[in-house]
Structure formats: C-alpha cells, structure tokens
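K.L.:
Here you go, target_19.cif (mmCIF, C-alpha atoms):
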```
data_query
loop_
_atom_site.label_atom_id
_atom_site.label_comp_id
_atom_site.auth_asym_id
_atom_site.auth_seq_id
_atom_site.Cartn_x
_atom_site.Cartn_y
_atom_site.Cartn_z
CA GLY A 809 -4.25 -32.05 -13.52
CA ARG A 810 -5.25 -33.48 -16.88
CA THR A 811 -2.72 -34.16 -19.63
CA TYR A 812 -3.84 -32.99 -23.07
CA THR A 813 -2.75 -34.31 -26.44
CA GLU A 814 -1.73 -31.70 -28.98
CA GLU A 815 -5.09 -32.11 -30.76
CA GLU A 816 -7.05 -31.80 -27.52
CA PHE A 817 -5.15 -28.67 -26.52
CA ASP A 818 -5.71 -27.20 -29.99
CA GLU A 819 -9.46 -27.75 -29.51
CA LEU A 820 -9.36 -26.22 -26.02
CA CYS A 821 -7.63 -23.11 -27.38
CA PHE A 822 -10.27 -22.81 -30.11
CA GLU A 823 -13.10 -23.07 -27.60
CA PHE A 824 -11.43 -20.48 -25.36
CA GLY A 825 -10.95 -18.06 -28.25
CA VAL A 826 -7.24 -18.21 -29.01
CA GLU A 827 -5.34 -20.06 -31.71
CA LEU A 828 -2.61 -22.65 -31.24
CA ASP A 829 -0.29 -21.47 -34.00
CA ASP A 830 2.49 -24.06 -33.75
CA VAL A 831 4.13 -26.66 -31.53
CA VAL A 832 7.90 -26.90 -31.81
CA THR A 833 10.79 -28.47 -29.94
CA GLU A 834 13.54 -25.91 -29.46
CA MET A 835 16.26 -24.77 -27.11
CA GLN A 836 15.10 -22.22 -24.56
CA ALA A 837 16.50 -18.82 -25.46
CA VAL A 838 18.49 -17.12 -22.69
CA GLY A 839 18.87 -13.39 -23.25
CA GLY A 840 21.77 -11.22 -22.18
CA ARG A 841 20.08 -10.02 -19.00
CA ALA A 842 19.33 -13.56 -17.80
CA ARG A 843 22.79 -14.75 -18.85
CA SER A 844 24.48 -12.14 -16.67
CA VAL A 845 22.52 -13.31 -13.63
CA MET A 846 23.19 -16.99 -14.31
CA LYS A 847 26.90 -16.26 -14.61
CA ASP A 848 26.88 -14.42 -11.28
CA ASP A 849 25.09 -17.33 -9.63
CA HIS A 850 27.67 -19.77 -11.04
CA SER A 851 31.00 -17.94 -11.23
CA LYS A 852 33.16 -18.48 -14.30
CA VAL A 853 30.32 -20.15 -16.20
CA SER A 854 30.68 -19.49 -19.93
CA ASN A 855 27.96 -18.76 -22.47
CA GLN A 856 28.69 -22.16 -23.99
CA GLN A 857 28.16 -23.90 -20.65
CA ILE A 858 24.86 -22.08 -20.12
CA ASP A 859 23.67 -23.19 -23.56
CA ALA A 860 24.80 -26.76 -22.87
CA ASP A 861 22.83 -26.85 -19.61
CA MET A 862 19.61 -25.78 -21.31
CA GLU A 863 17.37 -28.70 -22.25
CA PRO A 864 15.32 -28.74 -25.47
CA GLN A 865 11.70 -28.05 -24.66
CA VAL A 866 8.35 -28.36 -26.38
CA THR A 867 6.99 -24.87 -27.00
CA TYR A 868 3.32 -24.14 -27.70
CA LYS A 869 3.02 -20.92 -29.69
CA ILE A 870 -0.39 -19.33 -29.13
CA ASP A 871 -1.85 -16.31 -30.91
CA VAL A 872 -3.69 -14.17 -28.36
CA PRO A 873 -5.90 -11.06 -28.68
CA ALA A 874 -4.00 -7.79 -28.85
CA ASN A 875 -5.47 -6.45 -25.59
CA ARG A 876 -4.98 -9.59 -23.48
CA TYR A 877 -1.54 -8.86 -22.08
CA ASP A 878 -2.18 -11.35 -19.26
CA LEU A 879 -2.07 -14.15 -21.84
CA LEU A 880 1.50 -13.36 -22.88
CA CYS A 881 3.00 -15.68 -20.25
CA PHE A 882 2.51 -19.20 -18.90
CA GLU A 883 1.06 -17.91 -15.63
CA GLY A 884 -1.67 -15.93 -17.36
CA ILE A 885 -2.75 -18.46 -19.97
CA SER A 886 -2.89 -21.30 -17.42
CA GLN A 887 -4.89 -19.16 -14.98
CA ALA A 888 -7.37 -18.11 -17.68
CA LEU A 889 -7.85 -21.69 -18.91
CA ARG A 890 -8.45 -22.99 -15.38
CA VAL A 891 -11.26 -20.47 -14.89
CA PHE A 892 -12.65 -21.26 -18.36
CA LEU A 893 -12.71 -24.99 -17.58
CA GLY A 894 -14.35 -24.43 -14.20
CA LEU A 895 -11.34 -25.73 -12.27
CA ASP A 896 -11.26 -22.36 -10.48
CA SER A 897 -14.53 -20.56 -9.78
CA ARG A 898 -12.95 -17.15 -10.41
CA GLY A 899 -9.65 -15.38 -10.77
CA PRO A 900 -7.37 -14.62 -7.80
CA ASP A 901 -8.38 -12.14 -5.11
CA TYR A 902 -5.49 -9.66 -5.04
CA GLN A 903 -4.81 -7.84 -1.76
CA LEU A 904 -2.73 -4.77 -0.95
CA VAL A 905 -0.54 -5.61 2.08
CA PRO A 906 -0.25 -3.36 3.97
CA SER A 907 -3.33 -1.45 2.83
CA SER A 908 -1.61 1.89 3.49
CA PRO A 909 1.79 2.37 1.76
CA THR A 910 4.99 2.54 3.81
CA LYS A 911 7.20 3.09 0.74
CA SER A 912 7.11 6.11 -1.53
CA ILE A 913 8.68 7.63 -4.63
CA VAL A 914 9.06 11.40 -4.92
CA VAL A 915 8.71 12.69 -8.49
CA LYS A 916 10.76 15.81 -9.26
CA ALA A 917 9.65 18.54 -11.68
CA GLY A 918 12.37 17.84 -14.25
CA THR A 919 10.76 14.56 -15.27
CA GLN A 920 7.68 16.34 -16.61
CA THR A 921 9.31 17.33 -19.88
CA ILE A 922 10.66 13.89 -20.78
CA ARG A 923 8.89 10.96 -18.99
CA PRO A 924 6.40 12.51 -16.57
CA PHE A 925 4.89 9.46 -14.86
CA ILE A 926 5.96 6.61 -12.64
CA VAL A 927 4.02 3.79 -10.95
CA ALA A 928 5.41 1.11 -8.65
CA ALA A 929 4.70 -1.88 -6.42
CA VAL A 930 6.57 -4.42 -4.31
CA LEU A 931 6.26 -8.22 -4.31
CA ASN A 932 7.45 -9.60 -0.97
CA ASP A 933 8.71 -13.03 0.13
CA LEU A 934 9.05 -14.30 -3.42
CA GLU A 935 10.04 -17.84 -4.27
CA LEU A 936 11.17 -17.76 -7.90
CA SER A 937 12.50 -20.81 -9.69
CA SER A 938 14.92 -20.50 -12.59
CA GLU A 939 11.99 -21.15 -14.91
CA SER A 940 9.65 -18.54 -13.39
CA TYR A 941 12.53 -16.03 -13.33
CA LEU A 942 13.09 -16.52 -17.05
CA ARG A 943 9.35 -16.11 -17.65
CA LEU A 944 9.46 -12.82 -15.70
CA ILE A 945 12.19 -11.54 -18.03
CA GLU A 946 10.34 -12.83 -21.08
CA LEU A 947 7.07 -11.14 -20.08
CA GLN A 948 8.85 -7.82 -19.62
CA ASP A 949 10.34 -8.15 -23.11
CA LYS A 950 6.94 -8.94 -24.63
CA LEU A 951 5.27 -6.04 -22.86
CA HIS A 952 8.05 -3.69 -24.00
CA GLN A 953 7.44 -4.72 -27.61
CA ASN A 954 3.64 -4.51 -27.41
CA ILE A 955 1.74 -2.12 -25.12
CA CYS A 956 4.92 -0.24 -24.19
CA ARG A 957 5.62 0.51 -27.87
CA ARG A 958 9.31 -0.32 -27.64
CA ARG A 959 9.62 1.55 -24.34
CA SER A 960 8.47 4.85 -25.82
CA LEU A 961 5.25 4.77 -23.77
CA VAL A 962 6.35 2.66 -20.80
CA ALA A 963 9.66 1.28 -19.56
CA ILE A 964 9.82 -1.44 -16.89
CA GLY A 965 12.40 -1.68 -14.14
CA THR A 966 12.58 -4.60 -11.70
CA HIS A 967 14.90 -4.41 -8.68
CA ASP A 968 16.01 -6.55 -5.77
CA LEU A 969 14.64 -4.54 -2.86
CA ASP A 970 17.25 -5.94 -0.45
CA ALA A 971 20.14 -4.70 -2.61
CA PHE A 972 19.59 -0.97 -2.08
CA ASP A 973 18.49 1.54 0.55
CA SER A 974 14.71 1.76 0.74
CA SER A 975 14.62 3.13 4.30
CA GLY A 976 13.36 6.47 2.99
CA PRO A 977 11.61 7.77 -0.12
CA LEU A 978 13.02 6.87 -3.50
CA SER A 979 13.41 9.64 -6.06
CA TYR A 980 12.43 9.91 -9.71
CA GLU A 981 14.31 12.88 -11.16
CA THR A 982 16.52 14.08 -13.99
CA ARG A 983 20.19 15.00 -14.15
CA ALA A 984 22.59 16.15 -16.84
CA PRO A 985 24.33 13.21 -18.58
CA THR A 986 27.67 13.95 -16.90
CA ASP A 987 26.22 14.61 -13.43
CA PHE A 988 25.70 10.99 -12.39
CA GLN A 989 27.42 7.63 -12.54
CA PHE A 990 26.45 4.02 -11.94
CA VAL A 991 27.35 0.49 -12.99
CA PRO A 992 24.81 -0.61 -15.61
CA LEU A 993 23.37 -4.11 -15.81
CA ALA A 994 25.87 -6.81 -16.80
CA GLN A 995 28.82 -4.36 -16.64
CA THR A 996 31.61 -3.88 -14.09
CA ASP A 997 32.64 -0.25 -14.62
CA SER A 998 30.79 2.83 -13.42
CA MET A 999 29.77 5.19 -16.24
CA ASN A 1000 28.00 8.50 -16.71
CA GLY A 1001 25.09 9.06 -19.08
CA SER A 1002 27.21 10.14 -22.02
CA GLN A 1003 29.47 7.11 -21.69
CA LEU A 1004 26.44 4.84 -21.54
CA MET A 1005 25.10 6.29 -24.78
CA GLU A 1006 28.43 5.64 -26.45
CA LEU A 1007 28.58 2.09 -25.05
CA TYR A 1008 25.11 1.10 -26.20
CA GLU A 1009 25.52 2.51 -29.72
CA GLY A 1010 27.14 -0.85 -30.41
CA ASP A 1011 24.50 -2.94 -28.63
CA MET A 1012 22.08 -4.57 -31.06
CA GLN A 1013 19.31 -4.80 -28.45
CA LEU A 1014 19.59 -1.44 -26.68
CA LYS A 1015 20.71 0.99 -29.38
CA LYS A 1016 17.17 1.31 -30.77
CA TYR A 1017 16.03 2.89 -27.47
CA LEU A 1018 18.76 5.53 -27.26
CA PRO A 1019 16.93 8.18 -29.36
CA LEU A 1020 14.16 8.27 -26.75
CA ILE A 1021 16.34 10.38 -24.41
CA ARG A 1022 19.76 10.85 -26.06
CA ASP A 1023 19.29 14.49 -27.08
CA ALA A 1024 17.58 15.57 -23.86
CA PRO A 1025 19.52 18.02 -21.67
CA GLU A 1026 18.83 15.81 -18.66
CA TYR A 1027 18.21 12.05 -18.37
CA PRO A 1028 15.55 10.45 -16.15
CA LEU A 1029 16.81 8.46 -13.16
CA VAL A 1030 15.30 6.36 -10.39
CA LEU A 1031 17.37 6.75 -7.20
CA ASP A 1032 17.31 4.95 -3.87
CA ALA A 1033 17.11 6.67 -0.47
CA ARG A 1034 20.87 7.34 -0.53
CA GLY A 1035 20.88 8.75 -4.05
CA GLU A 1036 22.32 5.64 -5.71
CA VAL A 1037 21.08 5.08 -9.26
CA LEU A 1038 18.71 2.13 -9.69
CA SER A 1039 17.84 2.77 -13.32
CA MET A 1040 18.14 5.17 -16.23
CA PRO A 1041 14.81 4.61 -17.99
CA PRO A 1042 14.05 3.70 -20.68
CA ILE A 1043 17.57 2.44 -21.41
CA ILE A 1044 19.08 0.30 -18.64
CA ASN A 1045 18.84 -0.72 -15.00
CA GLY A 1046 21.73 -0.67 -12.57
CA ASP A 1047 23.68 -3.84 -11.88
CA MET A 1048 23.49 -3.20 -8.12
CA SER A 1049 19.77 -4.00 -7.88
CA LYS A 1050 19.39 -6.66 -10.56
CA VAL A 1051 16.81 -9.36 -9.96
CA SER A 1052 17.76 -13.06 -9.87
CA PRO A 1053 16.04 -16.33 -8.92
CA GLN A 1054 17.37 -15.68 -5.39
CA THR A 1055 15.52 -12.34 -5.11
CA ARG A 1056 13.03 -12.44 -2.24
CA ASN A 1057 11.60 -8.91 -2.34
CA MET A 1058 11.18 -7.16 -5.69
CA LEU A 1059 10.40 -3.56 -6.55
CA ILE A 1060 8.66 -3.06 -9.90
CA GLU A 1061 8.71 0.49 -11.29
CA CYS A 1062 7.33 1.67 -14.61
CA THR A 1063 8.21 5.11 -15.95
CA ALA A 1064 6.01 6.40 -18.73
CA THR A 1065 4.73 9.01 -21.10
CA ASP A 1066 1.30 7.32 -20.93
CA LEU A 1067 0.03 6.88 -17.36
CA HIS A 1068 -2.91 4.64 -18.31
CA LYS A 1069 -0.69 2.14 -20.08
CA ALA A 1070 1.84 2.26 -17.23
CA LYS A 1071 -0.89 1.19 -14.82
CA ILE A 1072 -1.86 -1.69 -17.12
CA VAL A 1073 1.75 -2.86 -17.38
CA LEU A 1074 2.33 -2.69 -13.62
CA GLY A 1075 -0.95 -4.46 -12.95
CA THR A 1076 -0.11 -7.22 -15.42
CA LEU A 1077 3.30 -7.92 -13.87
CA CYS A 1078 1.90 -7.91 -10.34
CA ALA A 1079 -1.06 -10.10 -11.28
CA MET A 1080 1.13 -12.69 -12.96
CA PHE A 1081 3.94 -12.95 -10.42
CA ALA A 1082 2.31 -12.18 -7.06
CA ARG A 1083 1.34 -15.88 -7.05
CA TYR A 1084 4.97 -16.63 -6.10
CA CYS A 1085 4.80 -14.57 -2.89
CA LYS A 1086 4.71 -16.41 0.43
CA THR A 1087 1.20 -15.02 0.80
CA PRO A 1088 -0.04 -15.60 -2.76
CA PHE A 1089 -1.53 -12.65 -4.61
CA SER A 1090 -0.47 -10.10 -1.98
CA ILE A 1091 1.06 -6.87 -3.30
CA GLU A 1092 2.68 -4.04 -1.36
CA PRO A 1093 1.52 -0.64 -2.65
CA VAL A 1094 3.77 2.37 -3.21
CA ARG A 1095 2.81 6.02 -2.77
CA ILE A 1096 3.78 8.28 -5.68
CA VAL A 1097 4.27 11.93 -4.65
CA TYR A 1098 4.54 14.61 -7.35
CA GLU A 1099 6.66 17.26 -5.64
CA HIS A 1100 5.91 20.05 -8.11
CA SER A 1101 2.10 19.74 -7.92
CA GLY A 1102 1.50 18.13 -4.54
CA GLU A 1103 -0.51 15.31 -6.14
CA GLU A 1104 -0.30 11.87 -4.57
CA HIS A 1105 -1.34 8.50 -5.97
CA VAL A 1106 -1.13 4.94 -4.62
CA THR A 1107 -0.25 2.16 -7.04
CA PRO A 1108 -1.20 -0.47 -8.09
CA ASP A 1109 -4.98 -0.39 -8.23
CA VAL A 1110 -6.30 -3.91 -7.56
CA SER A 1111 -9.97 -3.00 -7.31
CA GLY A 1112 -12.25 -5.00 -9.58
CA TRP A 1113 -14.90 -3.77 -11.94
CA THR A 1114 -18.25 -4.98 -13.21
CA VAL A 1115 -18.88 -5.84 -16.85
CA GLU A 1116 -22.43 -6.15 -18.17
CA ALA A 1117 -23.22 -8.37 -21.15
CA ASP A 1118 -26.36 -9.56 -22.88
CA GLU A 1119 -26.97 -13.27 -22.51
CA ARG A 1120 -27.43 -15.05 -25.83
CA SER A 1121 -28.71 -18.55 -26.42
#
```
Please, can you express the file's structure as structure tokens?
P.N.:
Amino acid sequence: GRTYTEEEFDELCFEFGVELDDVVTEMQAVGGRARSVMKDDHSKVSNQQIDADMEPQVTYKIDVPANRYDLLCFEGISQALRVFLGLDSRGPDYQLVPSSPTKSIVVKAGTQTIRPFIVAAVLNDLELSSESYLRLIELQDKLHQNICRRRSLVAIGTHDLDAFDSSGPLSYETRAPTDFQFVPLAQTDSMNGSQLMELYEGDMQLKKYLPLIRDAPEYPLVLDARGEVLSMPPIINGDMSKVSPQTRNMLIECTATDLHKAKIVLGTLCAMFARYCKTPFSIEPVRIVYEHSGEEHVTPDVSGWTVEADERS
C-alpha cells in the first residue's frame, strides 16, 4: 500500500470527513486487563518488564463523528479509508456460519428488573496478534465510555469459548450476592458478590461501576452450561474465560438496559474483529431465549440496508 506523509494523511482525513487532531510519539498504554494476560503468558513477568518491552510508537489521534463507532479502532478507520479511496469496491460481506444457531443463552425472569437484555455472537478460528488483541481491549474500553454510557446502557463481556462448558445452553440470570462465587479477572481467590463489591471499592477503574448493581437484591450473572460464572455484568468477567492473543474461539456477550444499543455494540465488535477469523468476516450466531415470555431472537443481525440520498453536483 501507499505510504503517506503526515501532511498527506491530514488532507486525506479532511477529504474523508474526519479531523487529524494530533500526531505524537508515545509509549503504548497497557491496561490492567491486558497486563494480567501478558503476565500469564510469560510467568513471573513484572509490570516493569512489560513496560520495558513496549516500544514507543507514533500515534495518530483522529476526531471522528459521534455515531461512527466503527471508526474508533484501527480496523475500522483503515477499512473505511480503503473504500473511500476506491481500493475496495465495498465493505466486507459478513456471513452467519452456520446460518442456524447451535449455541443459545437462556434468559431468566430475574434479569428483567435490573439488566433485561443480552445479545451474543461467536468468532471462530481467530488468529489474534498481540497488537490486534490490545486493539480489541481498547475498542471495548472506548465503546464502554461512549455508546455504552459507562456500562449503564451496555456492558461487554468477551470469553475464550474453549475455557468453559458450552455443550449446552448458557444462562443469563440473577442470584443473591452471597449465593455465588467465582474468581474474577486478574485475581486468584474465589469471591462472592458482596466480597467483590468490597474489593473493587478500592479499584480506581471499576469502583465507578459498582452503583449500577450494588444495592440490587440480586446481581446479574452469565453462566456456562455447568453453572460456572463467566461474568458479573456490568462489573467484571471471570478469570477462567479471559481472552488472550492465544484465544482461538471467542464468545462476545453484551448485557444491556438498551437493546438497540446492545445490538450496535455487538455488531461493531463482530464487524471489526471477524476479519481475524480463518474464514474472514464469518460470525457464528447465538439464539437468545427469554424463558419468562417465550420470545426468541438470533444475534447478531448482519443484514444490510439501503440508504437513499440526493445526488448533488
């Protein structure tokens, strides 16, 4: 592909309709979630060693429209620019494989009073590099701060599908804070809901999400086919199913108070990272079954739509 100077790229952004805000050389930030995975992949690696291994990189900071969540990551902005420049005739053709879901999540009635919705999908045969893995984490963080409204509307959970039992339906339900236990992400001890709330009161990143469910009589949980806890949304995922660059099959689940925005978030994540599947842009759908109402939905929706516009000279 073509190499652009900073001035040429600035002009390209202007023509495309976004603004190149700044170009800086800085160390790549590695958050706590990514650090825990990197330490597991390289036992006894310290935070200082991780920082020392990170190379300074040139970062292009681009201001994008508020409703273009696909432009919040490298994958999305590069894809959009390629279409704009005519290097690709159109965007990717996303396919549901298989077309009829073989995996399902059963939604229990208790969730309806706290976070009533869930959507999900699976990306199979992934080949993630360390860089694309970090971009996956970064995109989740950006979505959480934007369309997800700090997880109040939508909370994202990503899981290594091979690390838990998916032989039967998963469950999205609620339980009293002392009626479940699991090992949360980046921890070694199993805790119940009350203990987790106490732990994260001192966590600068997570404590701001605690009020979303802290005073509820029951907390929402995503469970595998054996009843093991995968996540306690919108606070924390379980350590058992954490995603790493070695993950080959990934479940994405989004619990929500706003179903429309949950579908957008799921669609954005699938659209950006399905390119790393062995069969690019293939997505495995998941059937969502609402036990209390009998409703069923299949997610994600990859059907296109037609937009009409007046041509102007």
K.L.:
Might you pull out every residue within 9 Å of Ser907 in chain A, with only C-alpha atoms counted and same-chain residues fewer than 3 positions away left off, and present them as a PyMOL selection string?
P.N.:
chain A and resi 903-904+1092-1093
K.L.:
Would you kindly translate the PyMOL selection byres ((chain A and resi 869) around 6) into the concrete residues it picks from this file, as a list in words?
P.N.:
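That expression, the PyMOL selection byres ((chain A and resi 869) around 6), corresponds here to Asp829, Asp830, Tyr868 and Ile870 of chain A.
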K.L.:
Just the number, please: distance in Å from CA of Val914 in chain A to CA of Trp1113 in chain A, one decimal.
P.N.:
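Between CA of Val914 in chain A and CA of Trp1113 in chain A the gap is 29.2 Å.
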K.L.:
Which residues are near range 863-867 of chain A? Cut-off 7 Å, only C-alpha atoms, ignore same chain within fewer than 4 positions. Put them as number ranges by chain.
P.N.:
A: 831-836
K.L.:
Take the PyMOL selection byres ((chain A and resi 1096) around 12), run it mentally on this structure, and tell me the resulting residues as a compact mmCIF listing (two decimals) with C-alpha atoms, in the coordinates of the input.
P.N.:
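And here's out.txt as it stands now:
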```
# COMPACT_ATOMS: atom_id res chain seq x y z
CA PRO A 909 1.79 2.37 1.76
CA THR A 910 4.99 2.54 3.81
CA LYS A 911 7.20 3.09 0.74
CA SER A 912 7.11 6.11 -1.53
CA ILE A 913 8.68 7.63 -4.63
CA VAL A 914 9.06 11.40 -4.92
CA VAL A 915 8.71 12.69 -8.49
CA LYS A 916 10.76 15.81 -9.26
CA PRO A 924 6.40 12.51 -16.57
CA PHE A 925 4.89 9.46 -14.86
CA ILE A 926 5.96 6.61 -12.64
CA VAL A 927 4.02 3.79 -10.95
CA ALA A 928 5.41 1.11 -8.65
CA ALA A 929 4.70 -1.88 -6.42
CA PRO A 977 11.61 7.77 -0.12
CA LEU A 978 13.02 6.87 -3.50
CA SER A 979 13.41 9.64 -6.06
CA TYR A 980 12.43 9.91 -9.71
CA GLU A 1061 8.71 0.49 -11.29
CA CYS A 1062 7.33 1.67 -14.61
CA THR A 1063 8.21 5.11 -15.95
CA PRO A 1093 1.52 -0.64 -2.65
CA VAL A 1094 3.77 2.37 -3.21
CA ARG A 1095 2.81 6.02 -2.77
CA VAL A 1097 4.27 11.93 -4.65
CA TYR A 1098 4.54 14.61 -7.35
CA GLU A 1099 6.66 17.26 -5.64
CA SER A 1101 2.10 19.74 -7.92
CA GLY A 1102 1.50 18.13 -4.54
CA GLU A 1103 -0.51 15.31 -6.14
CA GLU A 1104 -0.30 11.87 -4.57
CA HIS A 1105 -1.34 8.50 -5.97
CA VAL A 1106 -1.13 4.94 -4.62
CA THR A 1107 -0.25 2.16 -7.04
CA PRO A 1108 -1.20 -0.47 -8.09
```
K.L.:
Which residues are close to range 1072-1082 of chain A, i.e. within 9 Å by only C-alpha atoms, leaving aside same-chain residues fewer than 3 positions away? Reply as a PyMOL selection string.
P.N.:
chain A and resi 877-878+881-884+900+902+927-932+934+940+944+947-948+951+955-956+962+964+1060-1062+1067-1069+1085-1091+1107-1110
K.L.:
By how many Å are CA of Ala1064 in chain A and CA of Ser974 in chain A apart?
P.N.:
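A separation of 21.8 Å between them.
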K.L.:
I'd like to know which of A:Ile1021, A:Val826, A:Ile922, A:Val1037 is closest to Arg876 in chain A, using only C-alpha atoms.
P.N.:
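Ranked by minimum distance to Arg876 in chain A, first place goes to A:Val826.
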K.L.:
Provide the CA of Ser1002 in chain A to CA of Pro985 in chain A distance in Å, to one decimal place.
P.N.:
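That distance, rounded to one decimal, is 5.4 Å.
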K.L.:
Convert the output of the PyMOL selection byres ((chain A and resi 1057) around 6) on the shown file into explicit residues, formatted as a PyMOL selection string.
P.N.:
chain A and resi 931-933+969+1055-1056+1058
K.L.:
Would you compute an axis-aligned box for range 1089-1097 of chain A, covering every atom listed for it in the file with 5 Å of margin on each side, and report centre and edge lengths in Å to one decimal as JSON?
P.N.:
```
{"center_x": 1.4, "center_y": -0.4, "center_z": -3.5, "size_x": 15.8, "size_y": 34.6, "size_z": 14.3}
```
K.L.:
Rank A:Gln1013, A:Thr966, A:Thr986, A:Asn954 by their smallest atom-to-atom distance to Ser1039 in chain A, using only C-alpha atoms, and report the top residue only.
P.N.:
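Selected residue with least distance to Ser1039 in chain A: A:Thr966.
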K.L.:
Under the rule that all atoms listed in the file are counted, which of A:Asp1047, A:Asp1032, A:Glu1006, A:Glu981 is the nearest residue to Ala917 in chain A?
P.N.:
A:Glu981
K.L.:
Please list, as a PyMOL selection string, the residues that have an atom at most 9 Å away from (-12.3, -20.9, -23.6) in the coordinates of this file, counting all atoms listed in the file.
P.N.:
chain A and resi 820-826+888-889+891-893
K.L.:
Could you tell me which of A:Arg943, A:Lys1050, A:Arg958, A:Arg1034 comes closest to Asp970 in chain A if we count only C-alpha atoms?
P.N.:
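Ranked by minimum distance to Asp970 in chain A, first place goes to A:Lys1050.
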K.L.:
Could you tell me which of A:Pro1041, A:Pro906, A:Pro1028, A:Gly899 comes closest to Ala963 in chain A if we count all atoms listed in the file?
P.N.:
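Checking each candidate against Ala963 in chain A, we get A:Pro1041 as the closest.
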K.L.:
Pick the closest to Gly809 in chain A from A:Thr982, A:Ser886, A:Ser975, A:Ser938: which is it, counting all atoms listed in the file?
P.N.:
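That would be A:Ser886, the residue with the smallest distance to Gly809 in chain A.
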K.L.:
Dump as a list in words all residues having an atom at most 8 Å from (21.1, 6.1, -26.0), computed in the file's coordinates with all atoms listed in the file.
P.N.:
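Output of the proximity query reads Leu1004, Met1005, Glu1006, Tyr1008, Glu1009, Leu1014, Lys1015, Lys1016, Tyr1017, Leu1018, Pro1019, Leu1020, Ile1021, Arg1022 and Ile1043 of chain A.
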